[in-house]
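J.: So that we are looking at the same thing, I have put the structure below in structure tokens.
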Amino acid sequence: MKEALCQAFCGDLKLTDVPVGYAVTTTFRRDDGDSVAFYIVRDKARPGVYRIEDDGSTIAFMEGAGVDFSTETRSEAFSALLNGHGVEFDEDEMLLHTPSMHEEDLPKAAMRFLSFMLRINDFLLLTKDRVTSTFKEDAAARIIEKVDGRAIVEQDVAVSPTLSDTIPDMVIRARDRSPVAVFFGSSPQRVNDAIFLQMQALYEVHEDLQVIALLERENVIGHDLRRRAANRLAALPIFRGDEPSAIARIEREALGSGQETRH
């Protein structure tokens, strides 16, 4: 099991034996700095059967940070996220978990559970004390202008049906080139999303895809996350203060260095 899980996550996890099964710690981090982690819990009554669970603190942390899941909009969005990832929520125990499954199904299910754990952090971006940035609109407009007529640009759509768990901010599709997924990195969460999508493309669905995280500013993410992103993504340009060069870096990845460059 360990070898299969480690292959699925490309080494980005630590697997520890615990009395209930296994504790899985990833290198992704929540807004409070804690690692995103979960448990693979064995079914005592059925050998070879497991389910995946969080530690019971995820929803409590979200609510403590100001996310109100009782509103109609949030409740519907939370239910859609649960259903889309095959995750259930036990309100009595405040526990997020998958249905029971056999061992051979765990690697793929673990990837989907991690995707859920990353996506649920998006609710933090919707709390009333968050200020909406114009970064995404500014960057999108510049990219569209730069590749106009030479590539198809799609916004807020999945790269493909097999990579639908994580939605990039933009997908650039140029003729005879691999698609390029762009994440506007105004927070560590979106950079984590970019890394996760690249991992899925490379090691789960084996789909040719280049992923870029465009950082709003240099200090948006910490040193450790910057190192991981730089080692795993196609590019990690910084937007503010050097906008033309940052957009040109994305243009080169999407269209190739031999394309005519507009100024």
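So you can find residues: chains in the structure tokens are A, B, ... in the order shown, residues in each start at 1, and ligands are numbered from 1 in order.
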I'd like the neighbourhood of segment 175-179 of chain A as a PDB file with N, CA, C and O atoms, in the first residue's frame, where a residue qualifies if any of its atoms comes within 9 Å (using only C-alpha atoms), though same-chain residues fewer than 2 positions away should be ignored.
T.:
ATOM      1  N   ARG A 150      -3.544  33.809 -31.432  1.00  0.00           N
ATOM      2  CA  ARG A 150      -2.558  32.724 -31.554  1.00  0.00           C
ATOM      3  C   ARG A 150      -2.862  31.541 -30.640  1.00  0.00           C
ATOM      4  O   ARG A 150      -2.177  30.519 -30.696  1.00  0.00           O
ATOM      5  N   ALA A 151      -3.851  31.680 -29.785  1.00  0.00           N
ATOM      6  CA  ALA A 151      -4.227  30.595 -28.873  1.00  0.00           C
ATOM      7  C   ALA A 151      -5.650  30.812 -28.406  1.00  0.00           C
ATOM      8  O   ALA A 151      -6.166  31.927 -28.430  1.00  0.00           O
ATOM      9  N   ILE A 152      -6.267  29.728 -27.987  1.00  0.00           N
ATOM     10  CA  ILE A 152      -7.597  29.788 -27.372  1.00  0.00           C
ATOM     11  C   ILE A 152      -7.419  29.898 -25.870  1.00  0.00           C
ATOM     12  O   ILE A 152      -6.665  29.131 -25.260  1.00  0.00           O
ATOM     13  N   VAL A 159      -9.323  21.562 -17.231  1.00  0.00           N
ATOM     14  CA  VAL A 159      -8.425  21.297 -18.351  1.00  0.00           C
ATOM     15  C   VAL A 159      -8.998  20.210 -19.244  1.00  0.00           C
ATOM     16  O   VAL A 159      -8.962  20.296 -20.468  1.00  0.00           O
ATOM     17  N   VAL A 171      -6.886  28.424 -18.941  1.00  0.00           N
ATOM     18  CA  VAL A 171      -6.237  27.388 -19.739  1.00  0.00           C
ATOM     19  C   VAL A 171      -5.948  27.979 -21.110  1.00  0.00           C
ATOM     20  O   VAL A 171      -6.840  28.523 -21.767  1.00  0.00           O
ATOM     21  N   ILE A 172      -4.699  27.892 -21.538  1.00  0.00           N
ATOM     22  CA  ILE A 172      -4.272  28.415 -22.841  1.00  0.00           C
ATOM     23  C   ILE A 172      -3.988  27.229 -23.740  1.00  0.00           C
ATOM     24  O   ILE A 172      -3.162  26.369 -23.415  1.00  0.00           O
ATOM     25  N   ARG A 173      -4.665  27.185 -24.877  1.00  0.00           N
ATOM     26  CA  ARG A 173      -4.512  26.071 -25.812  1.00  0.00           C
ATOM     27  C   ARG A 173      -4.024  26.620 -27.147  1.00  0.00           C
ATOM     28  O   ARG A 173      -4.763  27.317 -27.851  1.00  0.00           O
ATOM     29  N   ALA A 181      -2.063  25.449 -18.045  1.00  0.00           N
ATOM     30  CA  ALA A 181      -3.013  25.873 -17.011  1.00  0.00           C
ATOM     31  C   ALA A 181      -2.343  26.936 -16.154  1.00  0.00           C
ATOM     32  O   ALA A 181      -1.218  26.746 -15.686  1.00  0.00           O
ATOM     33  N   ASP A 208      -0.578  15.228 -20.850  1.00  0.00           N
ATOM     34  CA  ASP A 208       0.429  16.244 -21.145  1.00  0.00           C
ATOM     35  C   ASP A 208      -0.122  17.622 -20.800  1.00  0.00           C
ATOM     36  O   ASP A 208      -1.055  18.109 -21.439  1.00  0.00           O
ATOM     37  N   LEU A 209       0.458  18.255 -19.802  1.00  0.00           N
ATOM     38  CA  LEU A 209      -0.039  19.542 -19.328  1.00  0.00           C
ATOM     39  C   LEU A 209       1.084  20.295 -18.639  1.00  0.00           C
ATOM     40  O   LEU A 209       1.867  19.714 -17.888  1.00  0.00           O
ATOM     41  N   GLN A 210       1.170  21.593 -18.911  1.00  0.00           N
ATOM     42  CA  GLN A 210       2.112  22.458 -18.214  1.00  0.00           C
ATOM     43  C   GLN A 210       1.313  23.380 -17.290  1.00  0.00           C
ATOM     44  O   GLN A 210       0.327  23.976 -17.716  1.00  0.00           O
ATOM     45  N   VAL A 211       1.744  23.488 -16.046  1.00  0.00           N
ATOM     46  CA  VAL A 211       1.029  24.297 -15.064  1.00  0.00           C
ATOM     47  C   VAL A 211       1.922  25.439 -14.594  1.00  0.00           C
ATOM     48  O   VAL A 211       3.099  25.224 -14.260  1.00  0.00           O
ATOM     49  N   ALA A 254       3.301  28.937 -23.327  1.00  0.00           N
ATOM     50  CA  ALA A 254       2.085  28.583 -24.072  1.00  0.00           C
ATOM     51  C   ALA A 254       2.331  28.476 -25.564  1.00  0.00           C
ATOM     52  O   ALA A 254       1.743  27.620 -26.239  1.00  0.00           O
ATOM     53  N   LEU A 255       3.179  29.361 -26.107  1.00  0.00           N
ATOM     54  CA  LEU A 255       3.339  29.453 -27.557  1.00  0.00           C
ATOM     55  C   LEU A 255       4.694  29.004 -28.064  1.00  0.00           C
ATOM     56  O   LEU A 255       4.864  28.767 -29.268  1.00  0.00           O
ATOM     57  N   GLY A 256       5.676  28.912 -27.177  1.00  0.00           N
ATOM     58  CA  GLY A 256       7.022  28.535 -27.602  1.00  0.00           C
ATOM     59  C   GLY A 256       7.884  29.752 -27.869  1.00  0.00           C
ATOM     60  O   GLY A 256       7.384  30.823 -28.228  1.00  0.00           O
TER      61      GLY A 256
END
J.: Residues of segment 31-172 of chain A classed as alpha helix (DSSP H) by DSSP on the backbone are to be reported as a VMD selection string.
T.: chain A and resid 58 to 64 72 to 85 106 to 119 135 to 147
J.: With 12 Å as the cut-off and only C-alpha atoms counted, what is the closest atom pair between each nearby residue of segment 81-104 of chain A and segment 53-68 of chain A? Distances in Å to one decimal, ordered by chain and number, as CSV.
T.:
residue,atom,partner,partner_atom,distance
A:Gly86,CA,A:Glu53,CA,12.0
A:Val87,CA,A:Glu53,CA,9.1
A:Glu88,CA,A:Glu53,CA,9.4
A:Phe89,CA,A:Ile59,CA,9.5
A:Asp90,CA,A:Gly56,CA,9.3
A:Glu91,CA,A:Ile59,CA,9.7
A:Asp92,CA,A:Gly56,CA,10.3
A:Glu93,CA,A:Gly56,CA,7.0
A:Met94,CA,A:Gly56,CA,5.3
A:Leu95,CA,A:Gly56,CA,4.5
A:Leu96,CA,A:Asp54,CA,5.5
A:His97,CA,A:Glu53,CA,4.2
A:Thr98,CA,A:Glu53,CA,6.6
A:Pro99,CA,A:Glu53,CA,9.5
A:Ser100,CA,A:Glu53,CA,10.4
J.: Once you have the residues from the selection above, write them out as a CSV table (one decimal), in the first residue's frame, restricted to N, CA and C atoms.
T.:
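Final file, selection-v3.csv:
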chain,number,residue,atom,x,y,z
A,86,GLY,N,-17.0,12.6,-3.5
A,86,GLY,CA,-17.3,11.3,-2.9
A,86,GLY,C,-17.0,11.3,-1.4
A,87,VAL,N,-17.2,12.4,-0.7
A,87,VAL,CA,-16.9,12.6,0.7
A,87,VAL,C,-18.2,12.8,1.5
A,88,GLU,N,-18.2,12.2,2.7
A,88,GLU,CA,-19.4,12.4,3.6
A,88,GLU,C,-19.0,13.2,4.8
A,89,PHE,N,-20.0,13.8,5.4
A,89,PHE,CA,-19.7,14.6,6.6
A,89,PHE,C,-20.6,14.1,7.8
A,90,ASP,N,-19.9,13.6,8.8
A,90,ASP,CA,-20.6,13.2,10.0
A,90,ASP,C,-20.7,14.4,11.0
A,91,GLU,N,-21.9,14.9,11.1
A,91,GLU,CA,-22.1,16.1,11.9
A,91,GLU,C,-21.9,15.9,13.4
A,92,ASP,N,-22.3,14.7,13.8
A,92,ASP,CA,-22.1,14.4,15.3
A,92,ASP,C,-20.6,14.4,15.7
A,93,GLU,N,-19.8,13.8,14.9
A,93,GLU,CA,-18.4,13.7,15.2
A,93,GLU,C,-17.5,14.7,14.5
A,94,MET,N,-18.2,15.6,13.7
A,94,MET,CA,-17.5,16.6,12.9
A,94,MET,C,-16.4,16.0,12.0
A,95,LEU,N,-16.7,14.8,11.4
A,95,LEU,CA,-15.7,14.1,10.7
A,95,LEU,C,-16.0,14.0,9.2
A,96,LEU,N,-15.0,14.3,8.4
A,96,LEU,CA,-15.1,14.1,7.0
A,96,LEU,C,-14.5,12.8,6.6
A,97,HIS,N,-15.2,12.0,5.8
A,97,HIS,CA,-14.7,10.7,5.5
A,97,HIS,C,-15.3,10.2,4.1
A,98,THR,N,-14.6,9.2,3.6
A,98,THR,CA,-15.1,8.5,2.4
A,98,THR,C,-15.9,7.3,2.7
A,99,PRO,N,-16.6,6.7,1.8
A,99,PRO,CA,-17.2,5.4,2.0
A,99,PRO,C,-16.1,4.3,2.2
A,100,SER,N,-16.5,3.2,2.7
A,100,SER,CA,-15.5,2.1,2.8
A,100,SER,C,-15.1,1.6,1.4
J.: Using only C-alpha atoms, which protein or nucleic acid residues come within 8 Å of segment 187-196 of chain A? Drop anything in the same chain fewer than 5 positions from it, and give the result as JSON, numbers by chain.
T.: {"A": [28, 30, 31, 115, 118, 119, 121, 122, 166, 168, 182, 211, 212, 213, 220, 221, 225, 229, 232, 233]}
J.: Could you save those same residues with N, CA, C and O atoms as a CSV table (one decimal), in the first residue's frame?
T.:
chain,number,residue,atom,x,y,z
A,28,PHE,N,1.3,19.8,1.7
A,28,PHE,CA,0.4,21.0,1.5
A,28,PHE,C,0.1,21.5,2.9
A,28,PHE,O,0.0,20.7,3.9
A,30,ARG,N,-2.5,24.2,5.4
A,30,ARG,CA,-3.7,25.0,5.6
A,30,ARG,C,-3.2,26.5,5.9
A,30,ARG,O,-2.1,26.8,6.1
A,31,ASP,N,-4.2,27.3,6.0
A,31,ASP,CA,-4.0,28.7,6.3
A,31,ASP,C,-3.3,28.9,7.7
A,31,ASP,O,-2.7,29.9,7.9
A,115,SER,N,-7.6,16.4,-2.8
A,115,SER,CA,-8.2,17.4,-3.6
A,115,SER,C,-9.4,18.1,-2.9
A,115,SER,O,-9.5,19.3,-2.9
A,118,LEU,N,-8.0,20.3,-0.1
A,118,LEU,CA,-7.5,21.6,-0.6
A,118,LEU,C,-8.6,22.5,-1.1
A,118,LEU,O,-8.6,23.7,-0.8
A,119,ARG,N,-9.6,22.0,-1.7
A,119,ARG,CA,-10.7,22.8,-2.3
A,119,ARG,C,-11.5,23.4,-1.1
A,119,ARG,O,-12.1,24.5,-1.3
A,121,ASN,N,-10.6,24.7,1.5
A,121,ASN,CA,-10.0,26.0,1.9
A,121,ASN,C,-10.5,27.2,1.1
A,121,ASN,O,-10.3,28.3,1.6
A,122,ASP,N,-11.0,26.9,0.0
A,122,ASP,CA,-11.6,28.0,-0.8
A,122,ASP,C,-12.7,28.8,-0.1
A,122,ASP,O,-12.9,30.0,-0.3
A,166,THR,N,-9.7,20.0,-9.9
A,166,THR,CA,-9.1,21.3,-9.6
A,166,THR,C,-9.2,22.2,-10.8
A,166,THR,O,-8.7,21.9,-11.9
A,168,PRO,N,-8.3,25.5,-12.8
A,168,PRO,CA,-7.3,26.6,-12.9
A,168,PRO,C,-8.1,27.9,-13.3
A,168,PRO,O,-9.2,27.9,-13.7
A,182,VAL,N,-3.0,28.1,-16.0
A,182,VAL,CA,-2.5,29.2,-15.2
A,182,VAL,C,-3.3,29.4,-13.9
A,182,VAL,O,-4.5,29.5,-14.0
A,211,VAL,N,1.7,23.5,-16.0
A,211,VAL,CA,1.0,24.3,-15.1
A,211,VAL,C,1.9,25.4,-14.6
A,211,VAL,O,3.1,25.2,-14.3
A,212,ILE,N,1.4,26.6,-14.6
A,212,ILE,CA,2.1,27.8,-14.1
A,212,ILE,C,1.3,28.5,-13.0
A,212,ILE,O,0.1,28.6,-13.0
A,213,ALA,N,2.0,28.9,-11.9
A,213,ALA,CA,1.4,29.7,-10.9
A,213,ALA,C,2.0,31.1,-11.0
A,213,ALA,O,3.2,31.3,-10.8
A,220,VAL,N,3.9,36.4,-1.3
A,220,VAL,CA,2.6,35.7,-1.2
A,220,VAL,C,2.8,34.4,-0.6
A,220,VAL,O,1.9,33.9,0.2
A,221,ILE,N,3.9,33.7,-0.9
A,221,ILE,CA,4.1,32.3,-0.3
A,221,ILE,C,5.4,32.3,0.4
A,221,ILE,O,6.3,33.1,0.2
A,225,LEU,N,7.1,26.6,0.3
A,225,LEU,CA,6.2,26.4,-0.7
A,225,LEU,C,6.7,26.9,-2.1
A,225,LEU,O,6.5,26.3,-3.1
A,229,ALA,N,7.0,24.6,-5.4
A,229,ALA,CA,6.4,25.1,-6.6
A,229,ALA,C,7.4,25.2,-7.7
A,229,ALA,O,7.2,24.8,-8.9
A,232,ARG,N,8.3,21.8,-9.2
A,232,ARG,CA,7.3,21.0,-9.8
A,232,ARG,C,6.5,21.7,-10.9
A,232,ARG,O,5.9,20.9,-11.7
A,233,LEU,N,6.4,23.0,-11.0
A,233,LEU,CA,5.6,23.6,-12.0
A,233,LEU,C,6.5,24.1,-13.2
A,233,LEU,O,7.7,24.2,-13.1
J.: Using only C-alpha atoms, find the one residue out of A:His223, A:Ile144, A:Leu197, A:Met101 that sits nearest to Ala248 of chain A.
T.: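 Closest to Ala248 of chain A, using only C-alpha atoms: A:Ile144.
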J.: Extract, using only C-alpha atoms, all DNA, RNA and protein residues at most 9 Å from Phe38 of chain A, discarding same-chain residues fewer than 5 positions from it, and format them as a list in words.
T.: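 Counting only C-alpha atoms, the residues come to Tyr22, Ala23, Val24, Thr25, Thr26, Ile52, Glu53, Asp54, Asp55, Ala110, Phe113 and Leu114 of chain A.
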J.: Since we have the selection now, will you write its residues out, keeping N, CA and C atoms, as a PDB file, in the first residue's frame?
T.:
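Wrote it out as out.pdb, contents follow:
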ATOM      1  N   TYR A  22      -3.316   4.037   9.097  1.00  0.00           N
ATOM      2  CA  TYR A  22      -2.180   4.849   8.663  1.00  0.00           C
ATOM      3  C   TYR A  22      -2.533   6.332   8.789  1.00  0.00           C
ATOM      4  N   ALA A  23      -1.549   7.120   9.205  1.00  0.00           N
ATOM      5  CA  ALA A  23      -1.667   8.572   9.174  1.00  0.00           C
ATOM      6  C   ALA A  23      -0.878   9.066   7.973  1.00  0.00           C
ATOM      7  N   VAL A  24      -1.521   9.873   7.137  1.00  0.00           N
ATOM      8  CA  VAL A  24      -0.887  10.391   5.929  1.00  0.00           C
ATOM      9  C   VAL A  24      -0.712  11.895   6.094  1.00  0.00           C
ATOM     10  N   THR A  25       0.528  12.346   6.070  1.00  0.00           N
ATOM     11  CA  THR A  25       0.839  13.768   6.181  1.00  0.00           C
ATOM     12  C   THR A  25       1.411  14.244   4.852  1.00  0.00           C
ATOM     13  N   THR A  26       0.811  15.268   4.276  1.00  0.00           N
ATOM     14  CA  THR A  26       1.269  15.797   2.998  1.00  0.00           C
ATOM     15  C   THR A  26       2.085  17.067   3.218  1.00  0.00           C
ATOM     16  N   ILE A  52     -11.133   6.591   4.310  1.00  0.00           N
ATOM     17  CA  ILE A  52     -10.247   7.736   4.524  1.00  0.00           C
ATOM     18  C   ILE A  52     -10.991   8.788   5.336  1.00  0.00           C
ATOM     19  N   GLU A  53     -10.325   9.350   6.350  1.00  0.00           N
ATOM     20  CA  GLU A  53     -10.959  10.326   7.239  1.00  0.00           C
ATOM     21  C   GLU A  53     -10.014  11.495   7.485  1.00  0.00           C
ATOM     22  N   ASP A  54     -10.585  12.661   7.822  1.00  0.00           N
ATOM     23  CA  ASP A  54      -9.768  13.735   8.365  1.00  0.00           C
ATOM     24  C   ASP A  54      -9.635  13.506   9.873  1.00  0.00           C
ATOM     25  N   ASP A  55      -9.058  14.475  10.573  1.00  0.00           N
ATOM     26  CA  ASP A  55      -8.877  14.303  12.016  1.00  0.00           C
ATOM     27  C   ASP A  55     -10.014  14.902  12.827  1.00  0.00           C
ATOM     28  N   ALA A 110      -7.399   8.473  -2.301  1.00  0.00           N
ATOM     29  CA  ALA A 110      -6.606   9.390  -1.484  1.00  0.00           C
ATOM     30  C   ALA A 110      -6.316  10.680  -2.240  1.00  0.00           C
ATOM     31  N   PHE A 113      -9.473  12.658  -2.075  1.00  0.00           N
ATOM     32  CA  PHE A 113      -9.705  13.207  -0.743  1.00  0.00           C
ATOM     33  C   PHE A 113      -8.790  14.401  -0.492  1.00  0.00           C
ATOM     34  N   LEU A 114      -7.540  14.308  -0.944  1.00  0.00           N
ATOM     35  CA  LEU A 114      -6.635  15.449  -0.814  1.00  0.00           C
ATOM     36  C   LEU A 114      -7.144  16.629  -1.629  1.00  0.00           C
TER      37      LEU A 114
END
J.: For a quick check of understanding, using only C-alpha atoms, which of A:Val147, A:Asp105, A:Val20, A:Asp138 has the smallest distance to Ala174 of chain A?
T.: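 Of all the options, A:Val147 lies closest to Ala174 of chain A.
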J.: Could you give me, as number ranges by chain, each residue of segment 120-195 of chain A that DSSP assigns to strand (DSSP E or B) when run on this structure's backbone?
T.: A: 152-155, 170-173, 180-185
J.: Given the selection you just returned, output its residues as a file containing N, CA, C and O atoms, formatted as a compact mmCIF listing (two decimals), in the first residue's frame.
T.:
# COMPACT_ATOMS: atom_id res chain seq x y z
N ILE A 152 -6.27 29.73 -27.99
CA ILE A 152 -7.60 29.79 -27.37
C ILE A 152 -7.42 29.90 -25.87
O ILE A 152 -6.67 29.13 -25.26
N VAL A 153 -8.09 30.86 -25.26
CA VAL A 153 -8.00 31.07 -23.82
C VAL A 153 -9.36 30.79 -23.19
O VAL A 153 -10.37 31.37 -23.60
N GLU A 154 -9.37 29.90 -22.20
CA GLU A 154 -10.58 29.59 -21.45
C GLU A 154 -10.35 29.94 -20.00
O GLU A 154 -9.26 29.71 -19.47
N GLN A 155 -11.37 30.48 -19.35
CA GLN A 155 -11.23 30.88 -17.96
C GLN A 155 -12.18 30.09 -17.06
O GLN A 155 -13.33 29.85 -17.41
N MET A 170 -7.15 29.84 -15.68
CA MET A 170 -7.07 30.02 -17.13
C MET A 170 -6.40 28.81 -17.77
O MET A 170 -5.48 28.23 -17.19
N VAL A 171 -6.89 28.42 -18.94
CA VAL A 171 -6.24 27.39 -19.74
C VAL A 171 -5.95 27.98 -21.11
O VAL A 171 -6.84 28.52 -21.77
N ILE A 172 -4.70 27.89 -21.54
CA ILE A 172 -4.27 28.41 -22.84
C ILE A 172 -3.99 27.23 -23.74
O ILE A 172 -3.16 26.37 -23.42
N ARG A 173 -4.66 27.18 -24.88
CA ARG A 173 -4.51 26.07 -25.81
C ARG A 173 -4.02 26.62 -27.15
O ARG A 173 -4.76 27.32 -27.85
N VAL A 180 -1.62 24.85 -21.37
CA VAL A 180 -0.99 25.48 -20.21
C VAL A 180 -2.10 25.94 -19.27
O VAL A 180 -2.97 26.72 -19.66
N ALA A 181 -2.06 25.45 -18.04
CA ALA A 181 -3.01 25.87 -17.01
C ALA A 181 -2.34 26.94 -16.15
O ALA A 181 -1.22 26.75 -15.69
N VAL A 182 -3.03 28.06 -15.97
CA VAL A 182 -2.48 29.17 -15.20
C VAL A 182 -3.31 29.38 -13.94
O VAL A 182 -4.54 29.47 -14.01
N PHE A 183 -2.63 29.44 -12.80
CA PHE A 183 -3.26 29.77 -11.53
C PHE A 183 -2.76 31.14 -11.10
O PHE A 183 -1.54 31.38 -11.11
N PHE A 184 -3.67 32.02 -10.73
CA PHE A 184 -3.28 33.33 -10.24
C PHE A 184 -3.02 33.23 -8.74
O PHE A 184 -3.94 33.14 -7.93
N GLY A 185 -1.75 33.24 -8.39
CA GLY A 185 -1.33 32.94 -7.02
C GLY A 185 -1.40 34.13 -6.10
O GLY A 185 -0.37 34.68 -5.71
J.: Ranking A:Val49, A:Ile143, A:Ile250, A:Val18 by minimum distance to His102 of chain A and counting only C-alpha atoms, which one comes first?
T.: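 Among the listed residues, A:Val49 lies closest to His102 of chain A.
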J.: For a test of reading the model, state the distance in Å between atom CA of Lys146 of chain A and atom CA of Arg227 of chain A, rounded to one decimal.
T.: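 Distance between the two atoms: 28.1 Å.
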